[in-house]
>>> print(open('work.json').read())   # JSON, C-alpha atoms
[["chain", "number", "residue", "atom", "x", "y", "z"],
["A", 27, "MET", "CA", -103.76, 151.03, 185.73],
["A", 28, "TYR", "CA", -104.61, 153.60, 188.38],
["A", 29, "GLU", "CA", -103.66, 157.22, 188.92],
["A", 30, "LEU", "CA", -103.72, 159.50, 191.93],
["A", 31, "GLY", "CA", -106.58, 161.96, 192.20],
["A", 32, "LYS", "CA", -106.20, 165.68, 192.85],
["A", 33, "LYS", "CA", -106.74, 165.31, 196.62],
["A", 34, "SER", "CA", -103.99, 162.69, 196.84],
["A", 35, "LEU", "CA", -101.62, 164.77, 194.73],
["A", 36, "ASP", "CA", -102.33, 167.82, 196.90],
["A", 37, "LYS", "CA", -101.43, 165.79, 200.00],
["A", 38, "LEU", "CA", -98.12, 164.80, 198.39],
["A", 39, "ALA", "CA", -97.22, 168.43, 197.59],
["A", 40, "ASP", "CA", -95.44, 168.99, 200.92],
["A", 41, "VAL", "CA", -93.95, 165.49, 201.16],
["A", 42, "HIS", "CA", -90.22, 164.94, 200.55],
["A", 43, "PRO", "CA", -89.73, 164.68, 196.75],
["A", 44, "LYS", "CA", -88.12, 161.23, 196.92],
["A", 45, "LEU", "CA", -91.06, 159.75, 198.82],
["A", 46, "ALA", "CA", -93.60, 161.53, 196.64],
["A", 47, "LYS", "CA", -91.89, 160.11, 193.55],
["A", 48, "VAL", "CA", -92.14, 156.58, 194.97],
["A", 49, "ILE", "CA", -95.86, 156.99, 195.69],
["A", 50, "VAL", "CA", -96.58, 158.44, 192.25],
["A", 51, "ARG", "CA", -94.80, 155.48, 190.68],
["A", 52, "ALA", "CA", -96.47, 152.95, 193.00],
["A", 53, "ILE", "CA", -99.96, 153.93, 191.85],
["A", 54, "THR", "CA", -98.98, 153.08, 188.25],
["A", 55, "ILE", "CA", -97.92, 149.53, 189.13],
["A", 56, "THR", "CA", -100.36, 148.55, 191.87],
["A", 57, "THR", "CA", -103.13, 146.01, 191.44],
["A", 58, "GLN", "CA", -105.06, 147.74, 194.24],
["A", 59, "ASP", "CA", -106.17, 151.34, 193.87],
["A", 60, "PHE", "CA", -105.17, 153.51, 196.82],
["A", 61, "THR", "CA", -105.47, 157.04, 198.12],
["A", 62, "VAL", "CA", -103.11, 159.30, 200.04],
["A", 63, "VAL", "CA", -104.78, 159.77, 203.41],
["A", 64, "GLN", "CA", -102.16, 162.09, 204.83],
["A", 65, "GLY", "CA", -98.73, 163.53, 204.18],
["A", 66, "LEU", "CA", -97.37, 166.47, 206.12],
["A", 67, "ARG", "CA", -99.00, 167.05, 209.53],
["A", 68, "THR", "CA", -99.05, 170.06, 211.77],
["A", 69, "LEU", "CA", -97.91, 169.79, 215.37],
["A", 70, "GLU", "CA", -101.51, 170.29, 216.49],
["A", 71, "GLU", "CA", -102.72, 167.42, 214.29],
["A", 72, "GLN", "CA", -100.02, 165.16, 215.69],
["A", 73, "LYS", "CA", -100.92, 166.06, 219.29],
["A", 74, "ARG", "CA", -104.56, 165.15, 218.61],
["A", 75, "LEU", "CA", -103.59, 161.82, 217.03],
["A", 76, "VAL", "CA", -101.33, 160.91, 219.95],
["A", 77, "ALA", "CA", -104.05, 161.88, 222.46],
["A", 78, "ALA", "CA", -106.54, 159.71, 220.56],
["A", 79, "GLY", "CA", -104.12, 156.76, 220.50],
["A", 80, "LYS", "CA", -103.86, 156.85, 216.70],
["A", 81, "SER", "CA", -100.15, 157.70, 216.80],
["A", 82, "GLN", "CA", -97.53, 156.70, 219.32],
["A", 83, "THR", "CA", -95.02, 159.51, 219.01],
["A", 84, "MET", "CA", -94.58, 163.24, 218.88],
["A", 85, "LYS", "CA", -91.53, 162.58, 216.68],
["A", 86, "SER", "CA", -93.61, 161.42, 213.72],
["A", 87, "ARG", "CA", -91.97, 161.71, 210.31],
["A", 88, "HIS", "CA", -95.25, 163.25, 209.14],
["A", 89, "LEU", "CA", -94.17, 166.43, 210.95],
["A", 90, "THR", "CA", -91.22, 166.83, 208.58],
["A", 91, "GLY", "CA", -92.86, 165.59, 205.37],
["A", 92, "HIS", "CA", -90.94, 162.31, 205.38],
["A", 93, "ALA", "CA", -94.01, 160.07, 205.75],
["A", 94, "VAL", "CA", -97.35, 159.34, 204.11],
["A", 95, "ASP", "CA", -100.38, 157.26, 204.98],
["A", 96, "LEU", "CA", -101.94, 155.30, 202.13],
["A", 97, "ALA", "CA", -105.17, 153.31, 202.15],
["A", 98, "PRO", "CA", -106.94, 150.99, 199.71],
["A", 99, "TRP", "CA", -109.54, 152.83, 197.67],
["A", 100, "VAL", "CA", -112.57, 150.75, 196.66],
["A", 101, "GLY", "CA", -115.29, 152.47, 194.68],
["A", 102, "ASP", "CA", -115.54, 155.81, 196.42],
["A", 103, "THR", "CA", -114.44, 154.80, 199.90],
["A", 104, "ILE", "CA", -111.48, 153.54, 201.91],
["A", 105, "ASP", "CA", -111.45, 149.88, 202.86],
["A", 106, "TRP", "CA", -109.98, 149.89, 206.39],
["A", 107, "GLU", "CA", -110.99, 146.28, 207.12],
["A", 108, "ASP", "CA", -109.27, 144.20, 204.44],
["A", 109, "HIS", "CA", -105.68, 143.93, 205.67],
["A", 110, "ASP", "CA", -104.63, 142.01, 202.56],
["A", 111, "LYS", "CA", -105.38, 145.12, 200.48],
["A", 112, "PHE", "CA", -102.89, 147.12, 202.57],
["A", 113, "THR", "CA", -100.27, 144.47, 201.81],
["A", 114, "VAL", "CA", -100.98, 144.80, 198.07],
["A", 115, "VAL", "CA", -100.49, 148.57, 198.35],
["A", 116, "ALA", "CA", -97.25, 147.97, 200.29],
["A", 117, "GLU", "CA", -96.05, 145.61, 197.58],
["A", 118, "ALA", "CA", -96.49, 148.36, 194.97],
["A", 119, "VAL", "CA", -94.61, 150.81, 197.20],
["A", 120, "ARG", "CA", -91.85, 148.21, 197.70],
["A", 121, "GLU", "CA", -91.48, 147.72, 193.96],
["A", 122, "ALA", "CA", -91.58, 151.47, 193.25],
["A", 123, "ALA", "CA", -89.02, 152.16, 196.00],
["A", 124, "ARG", "CA", -86.66, 149.60, 194.49],
["A", 125, "LYS", "CA", -87.07, 151.08, 191.01],
["A", 126, "GLU", "CA", -86.50, 154.62, 192.33],
["A", 127, "ASN", "CA", -83.61, 153.49, 194.54],
["A", 128, "VAL", "CA", -85.24, 155.07, 197.61],
["A", 129, "GLU", "CA", -85.35, 153.19, 200.93],
["A", 130, "VAL", "CA", -88.86, 153.12, 202.40],
["A", 131, "LEU", "CA", -90.02, 151.76, 205.75],
["A", 132, "TRP", "CA", -93.52, 150.34, 206.07],
["A", 133, "GLY", "CA", -95.53, 150.62, 209.27],
["A", 134, "ALA", "CA", -96.09, 146.87, 209.25],
["A", 135, "ALA", "CA", -92.35, 146.13, 208.98],
["A", 136, "TRP", "CA", -90.49, 148.76, 210.98],
["A", 137, "HIS", "CA", -87.19, 146.94, 211.33],
["A", 138, "LEU", "CA", -85.81, 147.20, 207.78],
["A", 139, "ALA", "CA", -86.67, 148.99, 204.53],
["A", 140, "LEU", "CA", -89.11, 147.22, 202.24],
["A", 141, "ASN", "CA", -86.46, 147.34, 199.53],
["A", 142, "TYR", "CA", -84.52, 144.50, 201.19],
["A", 143, "PHE", "CA", -87.34, 141.93, 201.10],
["A", 144, "PRO", "CA", -88.62, 139.81, 198.24],
["A", 145, "SER", "CA", -92.17, 140.90, 199.09],
["A", 146, "ALA", "CA", -94.12, 143.16, 201.44],
["A", 147, "LYS", "CA", -95.77, 140.11, 202.99],
["A", 148, "GLU", "CA", -92.37, 138.64, 203.85],
["A", 149, "ALA", "CA", -91.26, 141.98, 205.32],
["A", 150, "ARG", "CA", -94.29, 142.03, 207.64],
["A", 151, "GLU", "CA", -93.81, 138.40, 208.63],
["A", 152, "ALA", "CA", -90.12, 138.97, 209.40],
["A", 153, "TYR", "CA", -90.96, 142.01, 211.54],
["A", 154, "VAL", "CA", -93.60, 140.13, 213.55],
["A", 155, "LYS", "CA", -91.22, 137.18, 214.04],
["A", 156, "ASP", "CA", -88.43, 139.52, 215.16],
["A", 157, "CYS", "CA", -90.71, 141.26, 217.68],
["A", 158, "LYS", "CA", -91.92, 137.97, 219.10],
["A", 159, "ALA", "CA", -88.35, 136.70, 219.43],
["A", 160, "LYS", "CA", -87.58, 139.82, 221.47],
["A", 161, "GLY", "CA", -90.71, 139.40, 223.60],
["A", 162, "LYS", "CA", -92.26, 142.56, 222.16],
["A", 163, "LYS", "CA", -95.70, 143.14, 220.70],
["A", 164, "PRO", "CA", -95.52, 144.21, 217.02],
["A", 165, "PHE", "CA", -96.87, 147.69, 216.28],
["A", 166, "ILE", "CA", -98.68, 147.42, 212.95],
["A", 167, "ASP", "CA", -99.53, 150.69, 211.21],
["A", 168, "ALA", "CA", -100.26, 149.33, 207.73],
["A", 169, "PRO", "CA", -101.17, 152.68, 206.07],
["A", 170, "HIS", "CA", -97.82, 154.26, 207.06],
["A", 171, "PHE", "CA", -94.76, 154.62, 204.80],
["A", 172, "GLN", "CA", -91.69, 156.74, 205.52],
["A", 173, "LEU", "CA", -88.21, 157.39, 204.25],
["A", 174, "THR", "CA", -85.39, 155.71, 206.12],
["A", 175, "TRP", "CA", -82.80, 157.85, 207.88],
["A", 176, "LYS", "CA", -80.61, 157.51, 204.77],
["A", 177, "ASP", "CA", -82.80, 160.04, 202.94],
["A", 178, "TYR", "CA", -83.30, 162.57, 205.72],
["A", 179, "PRO", "CA", -81.70, 165.98, 205.25]]
>>> encode(input="work.json", output="structure tokens")
Amino acid sequence: MYELGKKSLDKLADVHPKLAKVIVRAITITTQDFTVVQGLRTLEEQKRLVAAGKSQTMKSRHLTGHAVDLAPWVGDTIDWEDHDKFTVVAEAVREAARKENVEVLWGAAWHLALNYFPSAKEAREAYVKDCKAKGKKPFIDAPHFQLTWKDYP
């Protein structure tokens, strides 16, 4: 069993309590250790990310504390290359969100909350299939998790 470190907990401090609760629960049930890369962002941080092509919007839910970025933690570093590890993290978030009764969107399955799928892998596959059917390129942001509009103030 894993637990979040102080840096991760500090990054959750300004995140909406429902989402923070899901992430804290997810770390206790995951089979892949993970870290909180980012929670609340400033407007300046968001502008830099958009300019660098690392974010696509100035309406990011990070600006309001309704989103977090999580990444697989291996040893003492983040594994950005193994996409399967991101799916394992997403599966833990999916399970925690269901247990906490909080709807959570994943950046690899933007069309519907993870809660409504039997697995994170199936959520991603359904999103990609839906995009292709509409002639659109899927936007995969695997570290990203956010509350659905249902839980916005």
>>> residues_around(input="work.json", residues="range 125-129 of chain A", least_positions_apart="2", cutoff="10 Å", atoms="all atoms listed in the file", output="PyMOL selection string")
chain A and resi 44-45+47-48+51-52+119-123+131+138-142+172-177
>>> residues_around(input="work.json", residues="Gly65 in chain A", least_positions_apart="3", cutoff="7 Å", atoms="only C-alpha atoms", output="MDAnalysis selection string")
chainID A and resid 37:38 41 88 91 93:95
>>> write_last_selection(input="work.json", atoms="C-alpha atoms", output="compact mmCIF listing (two decimals), in the frame of the given file")
# COMPACT_ATOMS: atom_id res chain seq x y z
CA LYS A 37 -101.43 165.79 200.00
CA LEU A 38 -98.12 164.80 198.39
CA VAL A 41 -93.95 165.49 201.16
CA HIS A 88 -95.25 163.25 209.14
CA GLY A 91 -92.86 165.59 205.37
CA ALA A 93 -94.01 160.07 205.75
CA VAL A 94 -97.35 159.34 204.11
CA ASP A 95 -100.38 157.26 204.98
>>> closest_residue(input="work.json", among="A:Asp102, A:Glu148, A:Glu70, A:Asp59", to="Val115 in chain A", atoms="all atoms listed in the file")
A:Asp59
>>> atom_distance(input="work.json", atom1="CA of Leu66 in chain A", atom2="CA of Ser86 in chain A")
9.9 Å
>>> closest_residue(input="work.json", among="A:Val130, A:Ala152, A:Cys157, A:Val63", to="Pro169 in chain A", atoms="all atoms listed in the file")
A:Val63
>>> atom_distance(input="work.json", atom1="CA of Gly133 in chain A", atom2="CA of Leu96 in chain A")
10.7 Å
>>> closest_residue(input="work.json", among="A:Leu69, A:Gln58, A:Ile104, A:Lys163", to="Lys85 in chain A", atoms="only C-alpha atoms")
A:Leu69
